[in-house]
$ cat query_17.cif   # mmCIF, C-alpha atoms
data_data
#
loop_
_atom_site.group_PDB
_atom_site.id
_atom_site.type_symbol
_atom_site.label_atom_id
_atom_site.label_comp_id
_atom_site.auth_asym_id
_atom_site.auth_seq_id
_atom_site.Cartn_x
_atom_site.Cartn_y
_atom_site.Cartn_z
ATOM 1 C CA MET A 1 71.567 -3.235 215.934
ATOM 2 C CA LYS A 2 70.091 -5.362 218.724
ATOM 3 C CA PRO A 3 72.336 -4.689 221.734
ATOM 4 C CA CYS A 4 72.486 -6.055 225.252
ATOM 5 C CA ILE A 5 74.581 -5.203 228.307
ATOM 6 C CA PHE A 6 76.648 -7.623 230.374
ATOM 7 C CA VAL A 7 77.429 -6.514 233.936
ATOM 8 C CA ALA A 8 80.204 -8.743 235.303
ATOM 9 C CA ALA A 9 82.094 -8.851 238.601
ATOM 10 C CA GLY A 10 85.138 -6.670 237.766
ATOM 11 C CA ASP A 11 85.579 -2.897 237.842
ATOM 12 C CA ILE A 12 82.380 -1.365 236.463
ATOM 13 C CA SER A 13 82.345 2.032 234.762
ATOM 14 C CA GLU A 14 79.331 3.987 235.970
ATOM 15 C CA GLU A 15 80.035 6.482 233.186
ATOM 16 C CA TYR A 16 79.486 3.892 230.469
ATOM 17 C CA PHE A 17 76.596 2.280 232.355
ATOM 18 C CA LYS A 18 74.757 5.621 232.366
ATOM 19 C CA ALA A 19 75.601 6.195 228.693
ATOM 20 C CA LEU A 20 74.215 2.798 227.684
ATOM 21 C CA THR A 21 71.075 2.924 229.809
ATOM 22 C CA GLY A 22 70.283 6.641 229.820
ATOM 23 C CA THR A 23 69.208 7.213 226.215
ATOM 24 C CA GLY A 24 66.432 5.531 224.269
ATOM 25 C CA PRO A 25 64.902 2.176 225.212
ATOM 26 C CA ARG A 26 66.911 0.424 227.896
ATOM 27 C CA PRO A 27 68.894 -2.494 226.444
ATOM 28 C CA PHE A 28 68.450 -6.021 227.767
ATOM 29 C CA ILE A 29 70.713 -6.494 230.821
ATOM 30 C CA PHE A 30 72.552 -9.636 231.914
ATOM 31 C CA GLY A 31 73.737 -9.694 235.529
ATOM 32 C CA ILE A 32 76.718 -12.071 235.536
ATOM 33 C CA ASP A 33 77.546 -13.570 238.945
ATOM 34 C CA GLY A 34 79.099 -10.792 241.083
ATOM 35 C CA GLY A 35 77.860 -8.130 238.658
ATOM 36 C CA TYR A 36 74.428 -8.672 240.172
ATOM 37 C CA ARG A 37 75.585 -6.794 243.284
ATOM 38 C CA PHE A 38 76.226 -3.605 241.272
ATOM 39 C CA LEU A 39 72.778 -3.780 239.664
ATOM 40 C CA LYS A 40 71.124 -4.399 243.019
ATOM 41 C CA GLU A 41 72.874 -1.368 244.509
ATOM 42 C CA LYS A 42 71.697 0.766 241.575
ATOM 43 C CA GLY A 43 68.132 -0.476 241.871
ATOM 44 C CA VAL A 44 68.261 -1.913 238.344
ATOM 45 C CA LYS A 45 66.516 -5.218 237.701
ATOM 46 C CA PRO A 46 68.470 -7.406 235.257
ATOM 47 C CA ASP A 47 66.537 -9.312 232.626
ATOM 48 C CA ILE A 48 68.643 -12.430 233.244
ATOM 49 C CA VAL A 49 70.971 -13.281 236.129
ATOM 50 C CA ILE A 50 73.443 -15.997 235.189
ATOM 51 C CA GLY A 51 76.446 -17.787 236.695
ATOM 52 C CA ASP A 52 77.649 -20.205 239.335
ATOM 53 C CA PHE A 53 77.640 -17.344 241.887
ATOM 54 C CA ASP A 54 80.935 -18.221 243.511
ATOM 55 C CA SER A 55 81.946 -14.541 243.226
ATOM 56 C CA LEU A 56 78.631 -13.213 244.561
ATOM 57 C CA GLY A 57 78.557 -15.673 247.462
ATOM 58 C CA PHE A 58 74.832 -16.413 247.258
ATOM 59 C CA VAL A 59 72.224 -17.296 244.637
ATOM 60 C CA PRO A 60 69.899 -14.345 243.902
ATOM 61 C CA ASP A 61 66.196 -14.905 244.496
ATOM 62 C CA ASP A 62 65.398 -13.127 241.243
ATOM 63 C CA PRO A 63 62.961 -15.304 239.245
ATOM 64 C CA ASP A 64 65.062 -14.886 236.071
ATOM 65 C CA THR A 65 68.162 -16.475 237.622
ATOM 66 C CA GLU A 66 69.979 -19.244 235.743
ATOM 67 C CA VAL A 67 72.274 -21.232 238.055
ATOM 68 C CA PHE A 68 75.205 -23.320 236.790
ATOM 69 C CA PRO A 69 77.574 -25.600 238.711
ATOM 70 C CA VAL A 70 80.992 -24.317 239.749
ATOM 71 C CA ARG A 71 82.591 -27.306 238.002
ATOM 72 C CA LYS A 72 81.933 -26.552 234.341
ATOM 73 C CA ASP A 73 83.791 -26.083 231.069
ATOM 74 C CA LYS A 74 82.880 -22.423 230.447
ATOM 75 C CA PRO A 75 83.355 -19.298 232.575
ATOM 76 C CA ASP A 76 80.248 -17.319 233.442
ATOM 77 C CA THR A 77 80.743 -14.670 230.753
ATOM 78 C CA MET A 78 80.804 -17.358 228.060
ATOM 79 C CA LEU A 79 77.529 -18.713 229.427
ATOM 80 C CA ALA A 80 76.085 -15.225 228.977
ATOM 81 C CA ILE A 81 77.454 -15.060 225.430
ATOM 82 C CA ASP A 82 75.716 -18.346 224.626
ATOM 83 C CA ARG A 83 72.405 -17.045 225.979
ATOM 84 C CA ALA A 84 72.761 -13.727 224.147
ATOM 85 C CA LYS A 85 73.270 -15.587 220.876
ATOM 86 C CA GLU A 86 70.236 -17.768 221.581
ATOM 87 C CA LEU A 87 68.204 -14.604 222.115
ATOM 88 C CA MET A 88 69.480 -13.196 218.787
ATOM 89 C CA PHE A 89 71.376 -10.213 220.173
ATOM 90 C CA ASP A 90 74.086 -8.983 217.811
ATOM 91 C CA THR A 91 76.094 -6.774 220.204
ATOM 92 C CA ALA A 92 77.104 -7.141 223.846
ATOM 93 C CA PHE A 93 78.586 -4.192 225.728
ATOM 94 C CA VAL A 94 80.437 -5.692 228.680
ATOM 95 C CA LEU A 95 81.067 -3.814 231.930
ATOM 96 C CA GLY A 96 83.191 -5.378 234.655
ATOM 97 C CA ALA A 97 85.341 -7.601 232.420
ATOM 98 C CA PHE A 98 88.605 -6.226 233.837
ATOM 99 C CA GLY A 99 89.940 -5.418 237.283
ATOM 100 C CA GLY A 100 89.786 -7.610 240.315
ATOM 101 C CA LYS A 101 92.605 -9.767 241.619
ATOM 102 C CA ARG A 102 92.902 -12.460 238.939
ATOM 103 C CA LEU A 103 94.959 -11.942 235.800
ATOM 104 C CA ASP A 104 93.745 -15.274 234.410
ATOM 105 C CA HIS A 105 90.192 -13.929 234.291
ATOM 106 C CA THR A 106 91.410 -10.908 232.312
ATOM 107 C CA ILE A 107 93.194 -13.131 229.780
ATOM 108 C CA SER A 108 90.127 -15.365 229.545
ATOM 109 C CA ASN A 109 87.900 -12.367 228.834
ATOM 110 C CA LEU A 110 90.223 -11.100 226.091
ATOM 111 C CA GLN A 111 90.033 -14.491 224.393
ATOM 112 C CA GLN A 112 86.251 -14.383 224.637
ATOM 113 C CA LEU A 113 86.116 -11.304 222.380
ATOM 114 C CA PHE A 114 86.326 -13.787 219.498
ATOM 115 C CA TYR A 115 83.951 -16.371 220.945
ATOM 116 C CA GLY A 116 80.740 -14.627 219.934
ATOM 117 C CA LEU A 117 81.788 -13.758 216.371
ATOM 118 C CA PRO A 118 80.409 -13.500 213.787
ATOM 119 C CA ALA A 119 76.904 -13.503 215.299
ATOM 120 C CA LEU A 120 77.661 -11.481 218.446
ATOM 121 C CA ARG A 121 79.996 -8.481 218.568
ATOM 122 C CA ILE A 122 81.518 -8.027 222.022
ATOM 123 C CA VAL A 123 82.816 -4.666 223.252
ATOM 124 C CA TYR A 124 84.532 -4.325 226.643
ATOM 125 C CA LEU A 125 84.154 -0.952 228.348
ATOM 126 C CA ASP A 126 85.919 0.317 231.432
ATOM 127 C CA ASP A 127 87.111 3.716 232.622
ATOM 128 C CA SER A 128 90.510 3.415 230.934
ATOM 129 C CA THR A 129 90.167 1.027 227.984
ATOM 130 C CA VAL A 130 87.748 0.015 225.240
ATOM 131 C CA SER A 131 88.455 -3.361 223.626
ATOM 132 C CA PHE A 132 87.009 -5.189 220.635
ATOM 133 C CA ALA A 133 88.014 -7.833 218.102
ATOM 134 C CA LEU A 134 88.440 -7.553 214.346
ATOM 135 C CA THR A 135 88.395 -10.646 212.136
ATOM 136 C CA ASN A 136 89.177 -10.031 208.454
ATOM 137 C CA GLU A 137 87.601 -6.606 208.806
ATOM 138 C CA THR A 138 88.354 -2.910 208.454
ATOM 139 C CA ALA A 139 87.715 -0.395 211.236
ATOM 140 C CA GLU A 140 87.414 3.354 210.699
ATOM 141 C CA ILE A 141 88.007 5.252 213.938
ATOM 142 C CA SER A 142 87.427 8.949 214.597
ATOM 143 C CA ASP A 143 86.180 11.028 217.513
ATOM 144 C CA ARG A 144 82.729 11.047 215.943
ATOM 145 C CA LYS A 145 82.340 7.480 214.686
ATOM 146 C CA ILE A 146 83.789 4.023 215.038
ATOM 147 C CA ARG A 147 82.623 1.751 212.237
ATOM 148 C CA PHE A 148 83.503 -1.755 211.108
ATOM 149 C CA PHE A 149 83.260 -3.049 207.545
ATOM 150 C CA ASP A 150 83.162 -6.616 206.320
ATOM 151 C CA ASN A 151 85.793 -7.890 203.885
ATOM 152 C CA GLY A 152 87.946 -4.791 204.287
ATOM 153 C CA ASP A 153 85.554 -2.694 202.178
ATOM 154 C CA PRO A 154 85.142 0.799 203.674
ATOM 155 C CA GLY A 155 83.021 1.746 200.682
ATOM 156 C CA GLY A 156 80.362 -0.781 201.670
ATOM 157 C CA LYS A 157 77.728 -0.769 204.374
ATOM 158 C CA PRO A 158 79.143 -0.844 207.920
ATOM 159 C CA SER A 159 78.676 -4.164 209.665
ATOM 160 C CA PHE A 160 78.837 -2.396 213.037
ATOM 161 C CA THR A 161 78.718 1.224 214.225
ATOM 162 C CA MET A 162 79.574 2.132 217.804
ATOM 163 C CA PRO A 163 76.751 4.112 219.446
ATOM 164 C CA GLU A 164 77.455 7.841 219.595
ATOM 165 C CA ALA A 165 77.082 7.910 223.394
ATOM 166 C CA VAL A 166 79.903 5.378 223.690
ATOM 167 C CA THR A 167 82.182 6.906 221.041
ATOM 168 C CA ARG A 168 81.897 10.319 222.673
ATOM 169 C CA LEU A 169 83.195 8.902 225.957
ATOM 170 C CA ILE A 170 86.093 7.043 224.326
ATOM 171 C CA ARG A 171 87.603 10.157 222.657
ATOM 172 C CA PRO A 172 89.901 8.074 220.394
ATOM 173 C CA SER A 173 92.197 11.015 219.579
ATOM 174 C CA ASP A 174 93.113 11.097 223.279
ATOM 175 C CA CYS A 175 93.849 7.367 223.374
ATOM 176 C CA TYR A 176 96.707 5.028 222.715
ATOM 177 C CA LEU A 177 95.745 2.648 219.923
ATOM 178 C CA SER A 178 97.103 -0.848 220.500
ATOM 179 C CA ILE A 179 96.589 -3.914 218.322
ATOM 180 C CA PHE A 180 97.438 -7.474 219.370
ATOM 181 C CA THR A 181 97.033 -10.941 217.922
ATOM 182 C CA GLN A 182 97.053 -14.302 219.657
ATOM 183 C CA SER A 183 98.437 -16.042 216.570
ATOM 184 C CA ARG A 184 99.433 -14.189 213.383
ATOM 185 C CA ALA A 185 97.787 -11.395 211.398
ATOM 186 C CA LYS A 186 98.591 -8.748 208.787
ATOM 187 C CA VAL A 187 97.438 -5.189 209.288
ATOM 188 C CA ASP A 188 97.292 -2.059 207.129
ATOM 189 C CA LEU A 189 97.302 1.193 209.105
ATOM 190 C CA ASP A 190 96.424 4.643 207.759
ATOM 191 C CA GLY A 191 96.056 7.881 209.702
ATOM 192 C CA THR A 192 98.104 6.725 212.682
ATOM 193 C CA ALA A 193 101.458 7.798 214.114
ATOM 194 C CA TYR A 194 102.947 4.539 212.794
ATOM 195 C CA ASP A 195 101.334 3.750 209.446
ATOM 196 C CA GLY A 196 102.185 0.799 207.254
ATOM 197 C CA THR A 197 100.934 -1.809 204.814
ATOM 198 C CA GLY A 198 101.115 -5.540 205.433
ATOM 199 C CA ILE A 199 102.436 -5.133 208.960
ATOM 200 C CA GLU A 200 102.873 -8.624 210.346
ATOM 201 C CA LEU A 201 101.788 -9.130 213.933
ATOM 202 C CA THR A 202 102.459 -12.297 215.895
ATOM 203 C CA GLY A 203 101.524 -13.552 219.331
ATOM 204 C CA ALA A 204 105.200 -13.539 220.321
ATOM 205 C CA PHE A 205 106.016 -9.826 219.931
ATOM 206 C CA PRO A 206 103.837 -6.795 220.904
ATOM 207 C CA LEU A 207 104.679 -4.703 217.839
ATOM 208 C CA GLY A 208 101.231 -3.066 217.806
ATOM 209 C CA VAL A 209 101.339 -1.516 221.271
ATOM 210 C CA SER A 210 101.026 2.249 221.924
ATOM 211 C CA ASN A 211 100.236 3.622 218.480
ATOM 212 C CA GLU A 212 98.158 6.810 218.209
ATOM 213 C CA MET A 213 95.752 8.516 215.845
ATOM 214 C CA ALA A 214 97.527 11.103 213.707
ATOM 215 C CA ALA A 215 94.646 12.254 211.496
ATOM 216 C CA GLY A 216 90.927 12.904 211.743
ATOM 217 C CA THR A 217 90.177 9.297 210.818
ATOM 218 C CA SER A 218 92.378 6.267 211.354
ATOM 219 C CA THR A 219 91.843 3.059 209.403
ATOM 220 C CA ILE A 220 92.782 -0.469 210.477
ATOM 221 C CA ALA A 221 92.444 -3.182 207.813
ATOM 222 C CA VAL A 222 92.992 -6.687 209.190
ATOM 223 C CA ARG A 223 93.704 -10.039 207.591
ATOM 224 C CA GLY A 224 93.399 -12.491 210.423
ATOM 225 C CA GLU A 225 92.258 -11.919 214.000
ATOM 226 C CA VAL A 226 93.315 -9.027 216.227
ATOM 227 C CA THR A 227 92.293 -7.391 219.484
ATOM 228 C CA VAL A 228 92.066 -3.590 219.335
ATOM 229 C CA MET A 229 92.412 -1.546 222.523
ATOM 230 C CA LEU A 230 91.800 2.184 222.856
ATOM 231 C CA CYS A 231 93.494 3.235 226.118
ATOM 232 C CA ARG A 232 92.883 6.710 227.501
ATOM 233 C CA LYS A 233 96.027 8.739 228.055
ATOM 234 C CA ASP A 234 94.567 10.552 231.061
ATOM 235 C CA ASN A 235 94.308 7.366 233.131
#
$ encode --input "query_17.cif" --output "structure tokens"
Amino acid sequence: MKPCIFVAAGDISEEYFKALTGTGPRPFIFGIDGGYRFLKEKGVKPDIVIGDFDSLGFVPDDPDTEVFPVRKDKPDTMLAIDRAKELMFDTAFVLGAFGGKRLDHTISNLQQLFYGLPALRIVYLDDSTVSFALTNETAEISDRKIRFFDNGDPGGKPSFTMPEAVTRLIRPSDCYLSIFTQSRAKVDLDGTAYDGTGIELTGAFPLGVSNEMAAGTSTIAVRGEVTVMLCRKDN
């Protein structure tokens, strides 16, 4: 896995930031617009600073700053996704994707979970929710491991494994497990409070909200595209 970290302008989890930067070699860090302020306060130098800087209010004097016009087709996080793909990263852990005053930014960020696939896996982390996308994949979720498999084949080699430091903080057994689609998808669930085979999800009805893990390992097999959210019950 070749991971990077995006620090955006929303609510940033210091817990996850420490988990991602405190063990092993420090991952490559993108400071995205207003997220630069958090990094500056922490004394952490980002490897790239990117955005139009309307949220930050000034253009950083960091030599690795990439400035874009306010009038553009892509939001700043998508610009960072493009650069991460160019640099051949395969995973982006995003802090600061949620929170703030604008619901439209939250919806935009949820759509962007699919923008990097299949080359770049995006995982949103905040103090209450962990979000990721599955596209014709199977996820195995436990308190020890979260793994994704291509083509719905849990017997094969995982295409993605969540780092232990992140999984330990999520505590999936203490989370609500919610699954949404923007269009239409079919899902098989095993090891959850509400299991089923060929469950049809649509963008018009939130049937997948507020499920829970009921066994040591829960399995989600997806045909189509879904967003998975693990929401802590203690928040």
$ axis_aligned_box --input "query_17.cif" --around "range 128-141 of chain A" --padding-each-side "3 Å" --output "AutoDock Vina command-line options"
--center_x 88.8 --center_y -2.7 --center_z 219.7 --size_x 9.5 --size_y 21.9 --size_z 28.5
$ residues_around --input "query_17.cif" --residues "range 74-81 of chain A" --least-positions-apart "6" --cutoff "8 Å" --atoms "only C-alpha atoms" --output "PDB file with C-alpha atoms, keeping the file's coordinate frame"
ATOM      1  CA  PHE A   6      76.648  -7.623 230.374  1.00  0.00           C
ATOM      2  CA  ALA A   8      80.204  -8.743 235.303  1.00  0.00           C
ATOM      3  CA  PHE A  30      72.552  -9.636 231.914  1.00  0.00           C
ATOM      4  CA  ILE A  32      76.718 -12.071 235.536  1.00  0.00           C
ATOM      5  CA  ASP A  33      77.546 -13.570 238.945  1.00  0.00           C
ATOM      6  CA  ILE A  50      73.443 -15.997 235.189  1.00  0.00           C
ATOM      7  CA  GLY A  51      76.446 -17.787 236.695  1.00  0.00           C
ATOM      8  CA  ASP A  52      77.649 -20.205 239.335  1.00  0.00           C
ATOM      9  CA  ASN A 109      87.900 -12.367 228.834  1.00  0.00           C
ATOM     10  CA  GLN A 112      86.251 -14.383 224.637  1.00  0.00           C
ATOM     11  CA  TYR A 115      83.951 -16.371 220.945  1.00  0.00           C
ATOM     12  CA  GLY A 116      80.740 -14.627 219.934  1.00  0.00           C
ATOM     13  CA  LEU A 120      77.661 -11.481 218.446  1.00  0.00           C
TER      14      LEU A 120
END
$ resolve_selection --input "query_17.cif" --expression "the PyMOL selection byres ((chain A and resi 35) around 12)" --output "PyMOL selection string"
chain A and resi 5-13+29-34+36-42+44-46+48-51+53-57+60+76-77+94-98
$ closest_residue --input "query_17.cif" --among "A:Met88, A:Ala221, A:Cys4, A:Leu207" --to "Phe180 in chain A" --atoms "all atoms listed in the file"
A:Leu207
$ closest_residue --input "query_17.cif" --among "A:Arg144, A:Leu189, A:Asp127, A:Lys2" --to "Arg168 in chain A" --atoms "all atoms listed in the file"
A:Arg144
$ closest_residue --input "query_17.cif" --among "A:Asp126, A:Lys145, A:Thr202, A:Pro163" --to "Glu15 in chain A" --atoms "all atoms listed in the file"
A:Asp126
$ resolve_selection --input "query_17.cif" --expression "the PyMOL selection byres ((chain A and resi 226) around 10)" --output "PyMOL selection string"
chain A and resi 113-114+132-137+178-187+201-203+222-225+227-229
$ residues_around --input "query_17.cif" --residues "Tyr194 in chain A" --least-positions-apart "4" --cutoff "12 Å" --atoms "all atoms listed in the file" --output "list in words"
Tyr176, Leu177, Ser178, Ile179, Val187, Asp188, Leu189, Asp190, Ile199, Leu207, Gly208, Val209, Ser210, Asn211, Glu212, Met213, Ala214, Ala215, Ser218, Thr219 and Ile220 of chain A
$ write_last_selection --input "query_17.cif" --atoms "C-alpha atoms" --output "PDB file, in the frame of the given file"
ATOM      1  CA  TYR A 176      96.707   5.028 222.715  1.00  0.00           C
ATOM      2  CA  LEU A 177      95.745   2.648 219.923  1.00  0.00           C
ATOM      3  CA  SER A 178      97.103  -0.848 220.500  1.00  0.00           C
ATOM      4  CA  ILE A 179      96.589  -3.914 218.322  1.00  0.00           C
ATOM      5  CA  VAL A 187      97.438  -5.189 209.288  1.00  0.00           C
ATOM      6  CA  ASP A 188      97.292  -2.059 207.129  1.00  0.00           C
ATOM      7  CA  LEU A 189      97.302   1.193 209.105  1.00  0.00           C
ATOM      8  CA  ASP A 190      96.424   4.643 207.759  1.00  0.00           C
ATOM      9  CA  ILE A 199     102.436  -5.133 208.960  1.00  0.00           C
ATOM     10  CA  LEU A 207     104.679  -4.703 217.839  1.00  0.00           C
ATOM     11  CA  GLY A 208     101.231  -3.066 217.806  1.00  0.00           C
ATOM     12  CA  VAL A 209     101.339  -1.516 221.271  1.00  0.00           C
ATOM     13  CA  SER A 210     101.026   2.249 221.924  1.00  0.00           C
ATOM     14  CA  ASN A 211     100.236   3.622 218.480  1.00  0.00           C
ATOM     15  CA  GLU A 212      98.158   6.810 218.209  1.00  0.00           C
ATOM     16  CA  MET A 213      95.752   8.516 215.845  1.00  0.00           C
ATOM     17  CA  ALA A 214      97.527  11.103 213.707  1.00  0.00           C
ATOM     18  CA  ALA A 215      94.646  12.254 211.496  1.00  0.00           C
ATOM     19  CA  SER A 218      92.378   6.267 211.354  1.00  0.00           C
ATOM     20  CA  THR A 219      91.843   3.059 209.403  1.00  0.00           C
ATOM     21  CA  ILE A 220      92.782  -0.469 210.477  1.00  0.00           C
TER      22      ILE A 220
END
$ atom_distance --input "query_17.cif" --atom1 "CA of Thr65 in chain A" --atom2 "CA of Val130 in chain A"
28.4 Å
$ residues_around --input "query_17.cif" --residues "Ile170 in chain A" --least-positions-apart "4" --cutoff "8 Å" --atoms "all atoms listed in the file" --output "PyMOL selection string"
chain A and resi 130+143+166+175+230+232
$ resolve_selection --input "query_17.cif" --expression "the PyMOL selection byres ((chain A and resi 150) around 8)" --output "PyMOL selection string"
chain A and resi 136-138+148-149+151-153+156+158-159
$ decode --input "query_17.cif" --residues "range 67-89 of chain A" --atoms "N, CA and C atoms" --output "PDB file, in the first residue's frame"
ATOM      1  N   VAL A  67      -1.515  26.704  -6.700  1.00  0.00           N
ATOM      2  CA  VAL A  67      -2.650  27.624  -6.608  1.00  0.00           C
ATOM      3  C   VAL A  67      -3.541  27.469  -7.839  1.00  0.00           C
ATOM      4  N   PHE A  68      -4.855  27.362  -7.590  1.00  0.00           N
ATOM      5  CA  PHE A  68      -5.842  27.248  -8.662  1.00  0.00           C
ATOM      6  C   PHE A  68      -6.838  28.396  -8.554  1.00  0.00           C
ATOM      7  N   PRO A  69      -7.460  28.785  -9.657  1.00  0.00           N
ATOM      8  CA  PRO A  69      -8.451  29.858  -9.599  1.00  0.00           C
ATOM      9  C   PRO A  69      -9.713  29.432  -8.855  1.00  0.00           C
ATOM     10  N   VAL A  70     -10.394  30.403  -8.278  1.00  0.00           N
ATOM     11  CA  VAL A  70     -11.662  30.113  -7.590  1.00  0.00           C
ATOM     12  C   VAL A  70     -12.696  29.600  -8.591  1.00  0.00           C
ATOM     13  N   ARG A  71     -12.728  30.176  -9.784  1.00  0.00           N
ATOM     14  CA  ARG A  71     -13.655  29.739 -10.820  1.00  0.00           C
ATOM     15  C   ARG A  71     -13.042  28.545 -11.557  1.00  0.00           C
ATOM     16  N   LYS A  72     -13.502  27.363 -11.204  1.00  0.00           N
ATOM     17  CA  LYS A  72     -12.963  26.134 -11.785  1.00  0.00           C
ATOM     18  C   LYS A  72     -14.023  25.058 -11.729  1.00  0.00           C
ATOM     19  N   ASP A  73     -13.796  23.957 -12.437  1.00  0.00           N
ATOM     20  CA  ASP A  73     -14.797  22.901 -12.535  1.00  0.00           C
ATOM     21  C   ASP A  73     -14.741  21.912 -11.374  1.00  0.00           C
ATOM     22  N   LYS A  74     -13.616  21.827 -10.672  1.00  0.00           N
ATOM     23  CA  LYS A  74     -13.437  20.820  -9.631  1.00  0.00           C
ATOM     24  C   LYS A  74     -13.208  21.479  -8.273  1.00  0.00           C
ATOM     25  N   PRO A  75     -13.815  20.910  -7.198  1.00  0.00           N
ATOM     26  CA  PRO A  75     -13.478  21.398  -5.865  1.00  0.00           C
ATOM     27  C   PRO A  75     -12.048  20.999  -5.492  1.00  0.00           C
ATOM     28  N   ASP A  76     -11.540  21.636  -4.450  1.00  0.00           N
ATOM     29  CA  ASP A  76     -10.131  21.466  -4.099  1.00  0.00           C
ATOM     30  C   ASP A  76      -9.757  20.010  -3.793  1.00  0.00           C
ATOM     31  N   THR A  77     -10.657  19.276  -3.146  1.00  0.00           N
ATOM     32  CA  THR A  77     -10.327  17.889  -2.812  1.00  0.00           C
ATOM     33  C   THR A  77     -10.152  17.045  -4.064  1.00  0.00           C
ATOM     34  N   MET A  78     -10.939  17.319  -5.101  1.00  0.00           N
ATOM     35  CA  MET A  78     -10.770  16.594  -6.362  1.00  0.00           C
ATOM     36  C   MET A  78      -9.441  16.930  -7.022  1.00  0.00           C
ATOM     37  N   LEU A  79      -8.993  18.175  -6.884  1.00  0.00           N
ATOM     38  CA  LEU A  79      -7.674  18.538  -7.392  1.00  0.00           C
ATOM     39  C   LEU A  79      -6.596  17.709  -6.696  1.00  0.00           C
ATOM     40  N   ALA A  80      -6.769  17.513  -5.382  1.00  0.00           N
ATOM     41  CA  ALA A  80      -5.805  16.708  -4.633  1.00  0.00           C
ATOM     42  C   ALA A  80      -5.867  15.242  -5.062  1.00  0.00           C
ATOM     43  N   ILE A  81      -7.067  14.755  -5.346  1.00  0.00           N
ATOM     44  CA  ILE A  81      -7.197  13.374  -5.832  1.00  0.00           C
ATOM     45  C   ILE A  81      -6.454  13.208  -7.150  1.00  0.00           C
ATOM     46  N   ASP A  82      -6.608  14.172  -8.050  1.00  0.00           N
ATOM     47  CA  ASP A  82      -5.903  14.113  -9.331  1.00  0.00           C
ATOM     48  C   ASP A  82      -4.390  14.054  -9.122  1.00  0.00           C
ATOM     49  N   ARG A  83      -3.875  14.894  -8.227  1.00  0.00           N
ATOM     50  CA  ARG A  83      -2.433  14.918  -7.990  1.00  0.00           C
ATOM     51  C   ARG A  83      -1.961  13.630  -7.333  1.00  0.00           C
ATOM     52  N   ALA A  84      -2.767  13.092  -6.410  1.00  0.00           N
ATOM     53  CA  ALA A  84      -2.392  11.838  -5.754  1.00  0.00           C
ATOM     54  C   ALA A  84      -2.316  10.692  -6.756  1.00  0.00           C
ATOM     55  N   LYS A  85      -3.232  10.675  -7.710  1.00  0.00           N
ATOM     56  CA  LYS A  85      -3.185   9.649  -8.755  1.00  0.00           C
ATOM     57  C   LYS A  85      -1.958   9.829  -9.644  1.00  0.00           C
ATOM     58  N   GLU A  86      -1.639  11.075  -9.970  1.00  0.00           N
ATOM     59  CA  GLU A  86      -0.441  11.336 -10.778  1.00  0.00           C
ATOM     60  C   GLU A  86       0.817  10.847 -10.073  1.00  0.00           C
ATOM     61  N   LEU A  87       0.827  10.973  -8.750  1.00  0.00           N
ATOM     62  CA  LEU A  87       1.984  10.557  -7.961  1.00  0.00           C
ATOM     63  C   LEU A  87       1.939   9.078  -7.582  1.00  0.00           C
ATOM     64  N   MET A  88       0.945   8.349  -8.101  1.00  0.00           N
ATOM     65  CA  MET A  88       0.846   6.897  -7.964  1.00  0.00           C
ATOM     66  C   MET A  88       0.533   6.426  -6.544  1.00  0.00           C
ATOM     67  N   PHE A  89      -0.137   7.278  -5.756  1.00  0.00           N
ATOM     68  CA  PHE A  89      -0.633   6.806  -4.468  1.00  0.00           C
ATOM     69  C   PHE A  89      -1.851   5.925  -4.715  1.00  0.00           C
TER      70      PHE A  89
END
